[in-house]
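Visitor: So I've got this file, entry_11.tsv, and it contains TSV, C-alpha atoms:
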chain	number	residue	atom	x	y	z
L	131	MET	CA	7.80	2.93	1.91
L	132	PRO	CA	7.36	4.44	-1.54
L	133	THR	CA	6.98	2.35	-4.64
L	134	HIS	CA	10.16	2.13	-6.61
L	135	LEU	CA	10.56	3.54	-10.07
L	136	ASP	CA	10.08	1.40	-13.11
L	137	ASN	CA	13.51	0.34	-14.31
L	138	GLU	CA	15.02	1.65	-11.11
L	139	GLN	CA	18.11	-0.51	-11.46
L	140	SER	CA	18.95	1.01	-14.81
L	141	ILE	CA	18.24	4.52	-13.51
L	142	VAL	CA	20.62	3.92	-10.60
L	143	ALA	CA	23.19	2.51	-13.02
L	144	ALA	CA	22.83	5.61	-15.22
L	145	ALA	CA	23.28	7.85	-12.18
L	146	GLN	CA	26.36	5.87	-11.18
L	147	ALA	CA	27.72	6.28	-14.68
L	148	GLY	CA	27.46	10.05	-14.30
L	149	ASP	CA	24.01	10.99	-15.65
L	150	PRO	CA	22.75	13.88	-13.46
L	151	ALA	CA	19.19	13.59	-14.78
L	152	ALA	CA	19.04	10.01	-13.54
L	153	PHE	CA	20.05	11.06	-10.04
L	154	VAL	CA	17.46	13.86	-10.08
L	155	ARG	CA	14.78	11.32	-11.02
L	156	LEU	CA	15.70	9.23	-8.00
L	157	LEU	CA	15.66	12.28	-5.79
L	158	ASP	CA	12.29	13.45	-7.12
L	159	GLN	CA	10.84	10.06	-6.33
L	160	TYR	CA	12.07	9.90	-2.75
L	161	SER	CA	12.70	13.42	-1.46
L	162	ARG	CA	9.23	13.85	0.10
L	163	HIS	CA	9.69	10.62	2.02
L	164	ILE	CA	13.16	11.58	3.21
L	165	TYR	CA	11.89	14.99	4.29
L	166	ARG	CA	9.04	13.41	6.26
L	167	LEU	CA	11.47	10.97	7.86
L	168	GLY	CA	13.74	13.87	8.85
L	169	LEU	CA	10.79	15.83	10.21
L	170	SER	CA	9.49	12.89	12.24
L	171	ILE	CA	12.86	12.18	13.79
L	172	THR	CA	14.15	15.69	14.42
L	173	GLY	CA	10.82	17.37	15.09
L	174	ASN	CA	11.47	20.56	13.17
L	175	HIS	CA	11.40	21.74	9.59
L	176	GLN	CA	14.84	23.33	9.55
L	177	ASP	CA	16.51	20.09	10.59
L	178	ALA	CA	14.31	18.11	8.19
L	179	GLU	CA	15.50	20.34	5.37
L	180	ASP	CA	19.12	19.83	6.44
L	181	VAL	CA	18.58	16.06	6.62
L	182	LEU	CA	17.25	16.03	3.07
L	183	GLN	CA	20.06	18.21	1.75
L	184	GLU	CA	22.87	16.40	3.55
L	185	ALA	CA	21.54	12.91	2.85
L	186	SER	CA	21.09	13.75	-0.83
L	187	LEU	CA	24.64	15.06	-1.08
L	188	LYS	CA	26.07	12.07	0.74
L	189	ALA	CA	24.10	9.74	-1.51
L	190	TYR	CA	25.30	11.54	-4.63
L	191	ARG	CA	28.91	11.47	-3.52
L	192	GLY	CA	28.68	7.87	-2.35
L	193	LEU	CA	26.76	6.44	-5.30
L	194	ALA	CA	29.76	4.36	-6.28
L	195	ASP	CA	29.43	2.55	-2.92
L	196	PHE	CA	25.86	1.47	-3.60
L	197	GLN	CA	26.14	-2.18	-4.54
L	198	GLY	CA	22.49	-2.84	-5.34
L	199	ASN	CA	22.10	-5.40	-2.57
L	200	SER	CA	19.09	-3.51	-1.26
L	201	ARG	CA	16.62	-1.10	-2.77
L	202	PHE	CA	18.09	2.31	-3.52
L	203	TYR	CA	15.48	3.81	-1.19
L	204	THR	CA	16.61	1.60	1.71
L	205	TRP	CA	20.17	2.70	1.15
L	206	LEU	CA	19.07	6.35	1.03
L	207	VAL	CA	17.04	5.97	4.24
L	208	ARG	CA	20.05	4.53	6.05
L	209	ILE	CA	22.03	7.62	5.10
L	210	ALA	CA	19.19	9.94	6.11
L	211	VAL	CA	18.64	8.22	9.45
L	212	ASN	CA	22.31	8.61	10.31
L	213	VAL	CA	22.18	12.30	9.44
L	214	ALA	CA	18.98	12.79	11.46
L	215	LEU	CA	20.35	10.92	14.47
L	216	GLY	CA	23.43	13.14	14.26
L	217	LYS	CA	21.11	16.13	14.66
L	218	LEU	CA	19.48	14.58	17.71
L	219	ARG	CA	22.82	13.77	19.25
L	220	GLN	CA	24.01	17.33	18.68
L	221	ARG	CA	20.98	18.47	20.60
L	222	ALA	CA	21.59	15.76	23.21
L	223	LEU	CA	18.13	14.36	22.60
L	224	TRP	CA	18.96	10.83	21.58
L	225	LYS	CA	19.72	9.60	25.08
L	226	GLU	CA	16.45	10.96	26.40
L	227	SER	CA	14.82	7.73	27.37
L	228	SER	CA	11.50	8.22	29.09
L	229	LEU	CA	8.22	8.48	27.28
L	230	ASP	CA	6.48	11.82	27.73
L	231	GLU	CA	3.82	10.53	30.03
L	232	PRO	CA	4.70	7.12	31.35
L	233	ARG	CA	1.41	5.79	32.59
L	234	GLU	CA	2.13	2.47	34.07
L	235	GLY	CA	0.31	0.27	36.47
L	236	LYS	CA	2.15	-1.59	39.22
L	237	ASP	CA	2.84	-4.40	36.79
L	238	GLY	CA	4.53	-2.05	34.31
L	239	CYS	CA	1.71	-2.08	31.76
L	240	PHE	CA	0.63	1.00	29.84
L	241	ILE	CA	-2.89	1.96	30.85
L	242	PRO	CA	-5.12	3.29	28.05
L	243	LEU	CA	-7.23	6.26	29.06
L	244	GLU	CA	-9.02	7.10	25.83
L	245	ILE	CA	-11.44	4.24	25.28
L	246	GLU	CA	-13.75	5.32	22.57
L	247	SER	CA	-14.38	3.77	19.20
L	248	TRP	CA	-13.66	5.90	16.17
L	249	GLY	CA	-16.57	7.27	14.23
L	250	GLN	CA	-15.83	7.54	10.57
L	251	ASP	CA	-12.81	6.11	8.87
L	252	PRO	CA	-10.19	8.87	9.49
L	253	GLU	CA	-8.98	8.61	5.91
L	254	LYS	CA	-12.49	9.57	4.79
L	255	ALA	CA	-13.25	11.97	7.63
L	256	CYS	CA	-10.70	14.57	6.64
L	257	LEU	CA	-8.79	15.84	3.67
L	258	ASN	CA	-5.46	14.29	2.86
L	259	ASN	CA	-3.44	17.35	3.86
L	260	GLU	CA	-5.39	17.60	7.13
L	261	LEU	CA	-4.54	14.01	7.92
L	262	GLN	CA	-0.88	14.58	7.08
L	263	GLN	CA	-0.86	17.54	9.46
L	264	ILE	CA	-2.51	15.59	12.26
L	265	LEU	CA	-0.07	12.68	11.90
L	266	ALA	CA	2.92	15.03	11.87
L	267	GLU	CA	1.60	16.70	15.05
L	268	VAL	CA	0.77	13.61	17.05
L	269	ILE	CA	4.03	11.83	16.32
L	270	GLN	CA	5.82	14.69	18.05
L	271	LYS	CA	4.06	13.68	21.28
L	272	LEU	CA	6.56	10.80	21.44
L	273	ASP	CA	10.08	11.24	22.71
L	274	PRO	CA	12.80	11.32	20.02
L	275	LYS	CA	13.91	7.73	20.38
L	276	SER	CA	10.37	6.36	20.32
L	277	ARG	CA	9.29	8.39	17.33
L	278	THR	CA	12.40	7.33	15.42
L	279	ILE	CA	11.62	3.68	16.12
L	280	PHE	CA	7.95	4.14	15.23
L	281	THR	CA	8.80	5.98	12.01
L	282	LEU	CA	11.22	3.33	10.80
L	283	ARG	CA	9.02	0.41	11.71
L	284	ASP	CA	5.46	1.57	11.06
L	285	VAL	CA	5.86	4.39	8.56
L	286	GLU	CA	8.83	3.12	6.55
L	287	LYS	CA	8.08	-0.56	7.17
L	288	PHE	CA	11.58	-1.68	8.08
L	289	SER	CA	11.68	-5.03	9.86
L	290	LEU	CA	12.33	-5.23	13.59
L	291	GLU	CA	15.82	-6.51	12.85
L	292	GLU	CA	16.58	-3.74	10.36
L	293	THR	CA	15.27	-1.10	12.75
L	294	ALA	CA	17.37	-2.52	15.58
L	295	THR	CA	20.48	-2.57	13.40
L	296	LEU	CA	19.93	0.95	12.05
L	297	LEU	CA	19.58	2.38	15.54
L	298	GLY	CA	22.03	0.17	17.40
L	299	LEU	CA	19.32	-0.96	19.81
L	300	SER	CA	18.20	-4.43	20.87
L	301	ILE	CA	15.05	-6.02	19.47
L	302	PRO	CA	13.34	-6.16	22.92
L	303	VAL	CA	13.93	-2.41	23.32
L	304	ILE	CA	12.48	-1.81	19.85
L	305	LYS	CA	9.42	-3.94	20.65
L	306	THR	CA	8.71	-2.27	23.98
L	307	ARG	CA	9.07	1.23	22.57
L	308	LEU	CA	7.03	0.38	19.50
L	309	SER	CA	4.21	-1.03	21.60
L	310	ARG	CA	4.00	2.03	23.82
L	311	SER	CA	4.34	4.40	20.91
L	312	ARG	CA	1.44	2.76	19.12
L	313	LEU	CA	-0.72	2.94	22.22
L	314	LYS	CA	0.14	6.56	22.85
L	315	LEU	CA	-0.49	7.55	19.24
L	316	ARG	CA	-3.80	5.66	19.37
L	317	GLU	CA	-4.82	7.85	22.29
L	318	GLU	CA	-3.76	11.03	20.55
L	319	LEU	CA	-5.64	10.08	17.38
L	320	THR	CA	-8.73	9.15	19.41
L	321	LYS	CA	-8.89	12.82	20.42
L	322	TYR	CA	-9.41	13.59	16.73
L	323	PHE	CA	-11.30	10.59	15.47
L	324	GLY	CA	-13.20	9.28	18.48
L	325	LYS	CA	-16.96	9.43	18.21
L	326	ASP	CA	-17.05	12.25	20.72
L	327	ALA	CA	-13.79	13.81	19.56
L	328	ARG	CA	-12.92	16.98	21.43
L	329	ASN	CA	-10.18	18.25	19.12
L	330	ALA	CA	-11.07	20.37	16.15
L	331	MET	CA	-9.31	19.56	12.92
L	332	PRO	CA	-6.18	21.66	12.58
L	333	THR	CA	-7.20	23.56	9.49
L	334	THR	CA	-10.81	23.33	8.48
L	335	ARG	CA	-13.50	21.51	10.38
L	336	ARG	CA	-13.83	17.75	10.43
S	651	MET	CA	-5.97	-12.83	30.56
S	652	ARG	CA	-6.73	-9.47	32.13
S	653	CYS	CA	-7.14	-6.14	30.37
S	654	ARG	CA	-3.70	-4.89	31.38
S	655	GLN	CA	-1.98	-8.02	30.17
S	656	LEU	CA	-3.87	-7.75	26.91
S	657	VAL	CA	-2.76	-4.15	26.39
S	658	ASP	CA	0.82	-5.30	26.79
S	659	LYS	CA	0.34	-7.84	23.99
S	660	ILE	CA	-1.62	-5.74	21.49
S	661	SER	CA	1.38	-4.70	19.47
S	662	GLU	CA	2.61	-8.24	18.91
S	663	TYR	CA	-0.96	-9.40	18.32
S	664	ILE	CA	-1.62	-6.96	15.49
S	665	ASP	CA	1.76	-7.85	13.97
S	666	GLY	CA	0.81	-11.53	14.04
S	667	GLU	CA	3.83	-12.31	16.20
S	668	LEU	CA	2.04	-13.61	19.25
S	669	ASP	CA	2.26	-17.21	20.36
S	670	PRO	CA	-0.92	-19.10	19.23
S	671	GLU	CA	-1.83	-20.01	22.80
S	672	LEU	CA	-1.73	-16.34	23.80
S	673	VAL	CA	-3.73	-15.43	20.70
S	674	ARG	CA	-6.49	-17.80	21.88
S	675	GLU	CA	-6.45	-16.29	25.37
S	676	LEU	CA	-6.46	-12.78	24.00
S	677	GLU	CA	-9.29	-13.41	21.58
S	678	HIS	CA	-11.30	-15.14	24.29
S	679	HIS	CA	-10.89	-12.00	26.41
S	680	LEU	CA	-11.94	-9.82	23.48
S	681	GLU	CA	-15.20	-11.72	23.13
S	682	HIS	CA	-16.24	-10.49	26.54
S	683	CYS	CA	-14.57	-7.09	26.84
S	684	GLU	CA	-15.79	-4.24	24.69
S	685	ASP	CA	-13.20	-1.76	25.98
S	686	CYS	CA	-10.36	-4.02	24.89
S	687	ARG	CA	-12.01	-4.60	21.52
S	688	ILE	CA	-12.04	-0.83	21.03
S	689	VAL	CA	-8.40	-0.47	22.07
S	690	VAL	CA	-7.29	-3.29	19.76
S	691	ASP	CA	-9.34	-1.95	16.86
S	692	THR	CA	-8.15	1.64	17.20
S	693	THR	CA	-4.52	0.58	17.72
S	694	ARG	CA	-4.70	-1.41	14.50
S	695	LYS	CA	-6.22	1.59	12.71
S	696	THR	CA	-3.49	3.83	14.12
S	697	VAL	CA	-0.78	1.68	12.57
S	698	GLU	CA	-2.70	1.45	9.27
S	699	ILE	CA	-3.16	5.21	9.01
S	700	PHE	CA	0.53	5.92	9.46
S	701	CYS	CA	1.46	3.08	7.14
S	702	ASN	CA	-0.87	4.28	4.37
S	703	ALA	CA	-0.29	8.02	4.67
S	704	GLU	CA	1.36	9.68	1.72
S	705	PRO	CA	3.96	12.28	2.66
S	706	ALA	CA	3.08	15.92	2.07
S	707	ALA	CA	4.60	17.83	-0.82
S	708	LEU	CA	7.96	19.39	-0.03
S	709	PRO	CA	7.72	22.99	1.16
S	710	GLY	CA	8.37	25.16	-1.93
S	711	ASN	CA	11.67	26.60	-0.76
S	712	VAL	CA	13.04	23.17	0.15
S	713	HIS	CA	12.50	21.81	-3.32
S	714	GLU	CA	14.01	24.95	-4.81
S	715	LEU	CA	17.11	24.83	-2.59
S	716	LEU	CA	17.68	21.18	-3.37
S	717	SER	CA	17.38	21.81	-7.10
S	718	GLN	CA	19.79	24.75	-6.89
S	719	THR	CA	22.34	22.73	-4.94
S	720	PHE	CA	22.41	19.96	-7.50
S	721	THR	CA	22.24	22.23	-10.52
S	722	GLN	CA	25.36	24.00	-9.26
S	723	MET	CA	27.11	20.73	-8.55
S	724	PHE	CA	26.31	19.35	-11.98
S	725	ARG	CA	27.54	22.54	-13.61
S	726	LYS	CA	30.81	22.26	-11.75
S	727	GLY	CA	30.94	18.62	-12.75
S	728	GLU	CA	31.59	17.61	-9.19
S	729	PRO	CA	32.74	14.01	-9.16
S	730	GLY	CA	31.48	11.39	-6.80
S	731	LEU	CA	30.07	8.95	-9.26
S	732	ASN	CA	31.68	5.92	-10.79
S	733	LYS	CA	34.19	7.24	-13.25
S	734	GLN	CA	34.53	4.65	-15.87
Starting from the file, lay out its structure as structure tokens.

Guide:
Amino acid sequence: MPTHLDNEQSIVAAAQAGDPAAFVRLLDQYSRHIYRLGLSITGNHQDAEDVLQEASLKAYRGLADFQGNSRFYTWLVRIAVNVALGKLRQRALWKESSLDEPREGKDGCFIPLEIESWGQDPEKACLNNELQQILAEVIQKLDPKSRTIFTLRDVEKFSLEETATLLGLSIPVIKTRLSRSRLKLREELTKYFGKDARNAMPTTRR
Amino acid sequence: MRCRQLVDKISEYIDGELDPELVRELEHHLEHCEDCRIVVDTTRKTVEIFCNAEPAALPGNVHELLSQTFTQMFRKGEPGLNKQ
């Protein structure tokens, strides 16, 4: 979740009072985050661009409805998530329920396959843009519902309750999906950051 | 606690949401199981990496399109804000 602007309340108030520059400041602060959210959920850049555009327009037109009970960013994310879920529903992807590779034992547990400690700290092992690219790639290994849950909870830091409410899902469903998503992403990242990593870095070398 | 049961609890464990009794069992298992220590450690790092990652800059055309959209709207004076 991004840090909020200094004097954000007064900037929002100025935007609500009709100051376009104030709204642009808010957008400049949060547009990269909204784009990333859209990209994580929808899985493609065109839809992510649409999510950003449509959510920004809806926010602008609905500014009068923002009561200030939450952070402006939280309000904006709610709008963006609804737009992004609309895209998934159009593509009939939201109901897709199974994880890509359900690997379960007889007792229903996920079985880790990649058991290898990570060498260097990944944040030091590669350049920032390389890391961003890797994270954007591996999150797409999750099915749409799981990556939406993971993005809201672990990237945007919404609470379990908020995530459940935003998506209209129960907390147990959120917890189960989150757990498996984390384990699956751990495996995918181990391919990059494990001591004997087999994957080359996507752009330059590691 | 067995390895498979531990894997099922990792997520709640790293979120600090696990019942204290289960935490004791889990940590006792970790003392003796290197594989599970690795899985717990790398799962925790996975969450931290995503949590800490800054989003990339907007693709150039996206920023431009967004700016154009709003510039046009502001020129037209499209309402939508609180009109006092």

Visitor: Just the residues within 10 Å of Lys695 (chain S), please, counting all atoms listed in the file, with nothing from its chain fewer than 2 positions along; format it as a compact mmCIF listing (two decimals) with C-alpha atoms, in the frame of the given file.

Guide:
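And here is the file that came out, part00.txt:
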# COMPACT_ATOMS: atom_id res chain seq x y z
CA TRP L 248 -13.66 5.90 16.17
CA ASP L 251 -12.81 6.11 8.87
CA PRO L 252 -10.19 8.87 9.49
CA ARG L 316 -3.80 5.66 19.37
CA LEU L 319 -5.64 10.08 17.38
CA VAL S 689 -8.40 -0.47 22.07
CA VAL S 690 -7.29 -3.29 19.76
CA ASP S 691 -9.34 -1.95 16.86
CA THR S 692 -8.15 1.64 17.20
CA THR S 693 -4.52 0.58 17.72
CA VAL S 697 -0.78 1.68 12.57
CA GLU S 698 -2.70 1.45 9.27
CA ILE S 699 -3.16 5.21 9.01
CA PHE S 700 0.53 5.92 9.46
CA CYS S 701 1.46 3.08 7.14

Visitor: Looking at S:Leu668, S:Gly710, S:Glu677, S:Asp658, which one is nearest to chain L, with distances taken over only C-alpha atoms?

Guide: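 Nearest to chain L: S:Asp658.
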
Visitor: Would you kindly report the residues of chain L within 8 Å of chain S, using all atoms listed in the file, as a ChimeraX atom specification?

Guide: /L:145-148,150,161-163,165-166,179,183,190-194,239-242,245-248,252-253,259,262,265,284-287,308-309,312-313,315-316,319-320

Visitor: Suppose you want the space between CA of Glu184 (chain L) and CA of Gln159 (chain L); what is it in Å?

Guide: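 Separation of CA of Glu184 (chain L) and CA of Gln159 (chain L): 16.8 Å.
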
Visitor: Find the distance between CA of Gln220 (chain L) and CA of Gly168 (chain L) and write it in Å to one decimal.

Guide: 14.6 Å

Visitor: From the list L:Phe153, L:Tyr203, L:Pro302, L:Arg310, which residue is nearest Thr133 (chain L) when using all atoms listed in the file?

Guide: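 Of L:Phe153, L:Tyr203, L:Pro302, L:Arg310, the one nearest Thr133 (chain L), counting all atoms listed in the file, is L:Tyr203.
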
Visitor: Rounded to one decimal in Å, what is the spacing between CA of Leu261 (chain L) and CA of Asp177 (chain L)?

Guide: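 Atom-to-atom, CA of Leu261 (chain L) to CA of Asp177 (chain L), that is 22.1 Å.
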
Visitor: Tell me which residues come within 12 Å of (-17.6, 8.4, 10.9), as an mmCIF file with C-alpha atoms, in the coordinates of the input, counting only C-alpha atoms in the file's coordinates.

Guide:
data_model
loop_
_atom_site.group_PDB
_atom_site.id
_atom_site.type_symbol
_atom_site.label_atom_id
_atom_site.label_comp_id
_atom_site.auth_asym_id
_atom_site.auth_seq_id
_atom_site.Cartn_x
_atom_site.Cartn_y
_atom_site.Cartn_z
ATOM 1 C CA SER L 247 -14.380 3.770 19.200
ATOM 2 C CA TRP L 248 -13.660 5.900 16.170
ATOM 3 C CA GLY L 249 -16.570 7.270 14.230
ATOM 4 C CA GLN L 250 -15.830 7.540 10.570
ATOM 5 C CA ASP L 251 -12.810 6.110 8.870
ATOM 6 C CA PRO L 252 -10.190 8.870 9.490
ATOM 7 C CA GLU L 253 -8.980 8.610 5.910
ATOM 8 C CA LYS L 254 -12.490 9.570 4.790
ATOM 9 C CA ALA L 255 -13.250 11.970 7.630
ATOM 10 C CA CYS L 256 -10.700 14.570 6.640
ATOM 11 C CA TYR L 322 -9.410 13.590 16.730
ATOM 12 C CA PHE L 323 -11.300 10.590 15.470
ATOM 13 C CA GLY L 324 -13.200 9.280 18.480
ATOM 14 C CA LYS L 325 -16.960 9.430 18.210
ATOM 15 C CA ASP L 326 -17.050 12.250 20.720
ATOM 16 C CA ALA L 327 -13.790 13.810 19.560
ATOM 17 C CA ARG L 336 -13.830 17.750 10.430
#
